[in-house]
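Worksheet for the structure shown next.
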Amino acid sequence: MALIGGGIRNVPENTVPFERVVNVLIEFQPNIRLSFNTHPSNSLEALQRRLDR
């Protein structure tokens with residue numbers, strides 16, 4: 001499982017690095033489950049959503 005924070009996703013200039021991060025994660029761990037938070041304060045909640053599935 002990997003958590004990707006809003007700091008990389010929510011900044012338009014980070015779109016290409018974000019794509020690279022996601023693609024590398026999938027390449028090295030094809031069955032990976034990704035979580036996305038909107039703020040550091042809800043990181044645990046984002047991870048818990050993935051664990052509950």
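Just so we're on the same page: first chain in the structure tokens is A, next is B, and so on; residues restart at 1 for each chain, and ligands are numbered from 1 in the order they show up.
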
Near Arg53 of chain A, counting only C-alpha atoms, which residues have an atom at most 12 Å away, once you skip same-chain residues fewer than 4 positions from it, shown as a list in words? Arg33, Leu34, Ser35, Ala46, Leu47, Gln48 and Arg49 of chain A

For the residues selected in the previous step, produce a file with C-alpha atoms as a CSV table (one decimal), in the first residue's frame.
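Saved as result.csv:
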chain,number,residue,atom,x,y,z
A,33,ARG,CA,-3.3,-0.4,-3.5
A,34,LEU,CA,-3.0,3.4,-3.6
A,35,SER,CA,-4.4,5.8,-1.1
A,46,ALA,CA,-7.0,7.6,3.7
A,47,LEU,CA,-5.0,4.5,4.6
A,48,GLN,CA,-7.9,3.0,6.6
A,49,ARG,CA,-10.2,3.3,3.5

Just asking: which residues within chain A are alpha helix (DSSP H) according to DSSP, as a count of residues only? 27

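Considering the residues A:Asn42, A:Met1, A:Phe36, A:Leu51 and counting only C-alpha atoms, Phe18 of chain A has its shortest atom-to-atom contact with A:Phe36.
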
Quick one: DSSP strand (DSSP E or B) residues in chain A, as a list in words? Ala2, Leu3, Ile4, Leu34, Ser35 and Phe36 of chain A

Output N, CA, C and O atoms for every residue in that selection, as a short mmCIF file (atom, residue, chain, number, x, y, z; two decimals), in the first residue's frame.
data_model
loop_
_atom_site.label_atom_id
_atom_site.label_comp_id
_atom_site.auth_asym_id
_atom_site.auth_seq_id
_atom_site.Cartn_x
_atom_site.Cartn_y
_atom_site.Cartn_z
N ALA A 2 0.46 2.24 -0.71
CA ALA A 2 1.20 3.50 -0.74
C ALA A 2 0.21 4.65 -0.58
O ALA A 2 -0.90 4.61 -1.11
N LEU A 3 0.63 5.65 0.15
CA LEU A 3 -0.16 6.87 0.33
C LEU A 3 0.51 7.97 -0.48
O LEU A 3 1.71 8.21 -0.32
N ILE A 4 -0.26 8.62 -1.34
CA ILE A 4 0.27 9.73 -2.13
C ILE A 4 -0.45 10.98 -1.67
O ILE A 4 -1.68 11.07 -1.76
N LEU A 34 -3.40 2.03 -3.82
CA LEU A 34 -3.01 3.41 -3.59
C LEU A 34 -4.06 4.13 -2.76
O LEU A 34 -5.25 3.92 -2.92
N SER A 35 -3.57 4.97 -1.87
CA SER A 35 -4.43 5.83 -1.05
C SER A 35 -4.05 7.27 -1.33
O SER A 35 -2.89 7.57 -1.59
N PHE A 36 -5.03 8.15 -1.25
CA PHE A 36 -4.80 9.56 -1.51
C PHE A 36 -5.41 10.37 -0.37
O PHE A 36 -6.58 10.22 -0.07
#

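Minimum distance to Ser41 of chain A across A:Gly5, A:Glu27, A:Asn10, A:Val21 (counting only C-alpha atoms) occurs at A:Gly5.
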
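Of note, atom CA of Asn37 of chain A and atom CA of Gly6 of chain A are spaced 6.1 Å apart.
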
Computed gap from atom CA of Pro12 of chain A to atom CA of Glu45 of chain A is 24.6 Å

Neighbouring residues of Pro17 of chain A were defined as those with any atom within 12 Å, considering only C-alpha atoms; residues of the same chain fewer than 6 positions away were excluded. Please report them as a PDB file with C-alpha atoms, in the first residue's frame.
ATOM      1  CA  ILE A   4       0.268   9.728  -2.126  1.00  0.00           C
ATOM      2  CA  GLY A   7       1.288  18.058  -2.172  1.00  0.00           C
ATOM      3  CA  ILE A   8       2.328  16.157  -5.270  1.00  0.00           C
ATOM      4  CA  ARG A   9      -1.127  15.722  -6.800  1.00  0.00           C
ATOM      5  CA  ASN A  10      -2.702  19.129  -6.337  1.00  0.00           C
ATOM      6  CA  VAL A  11      -0.006  21.276  -7.951  1.00  0.00           C
ATOM      7  CA  ASN A  23       3.745   4.248 -12.849  1.00  0.00           C
ATOM      8  CA  VAL A  24       6.877   3.231 -10.937  1.00  0.00           C
TER       9      VAL A  24
END
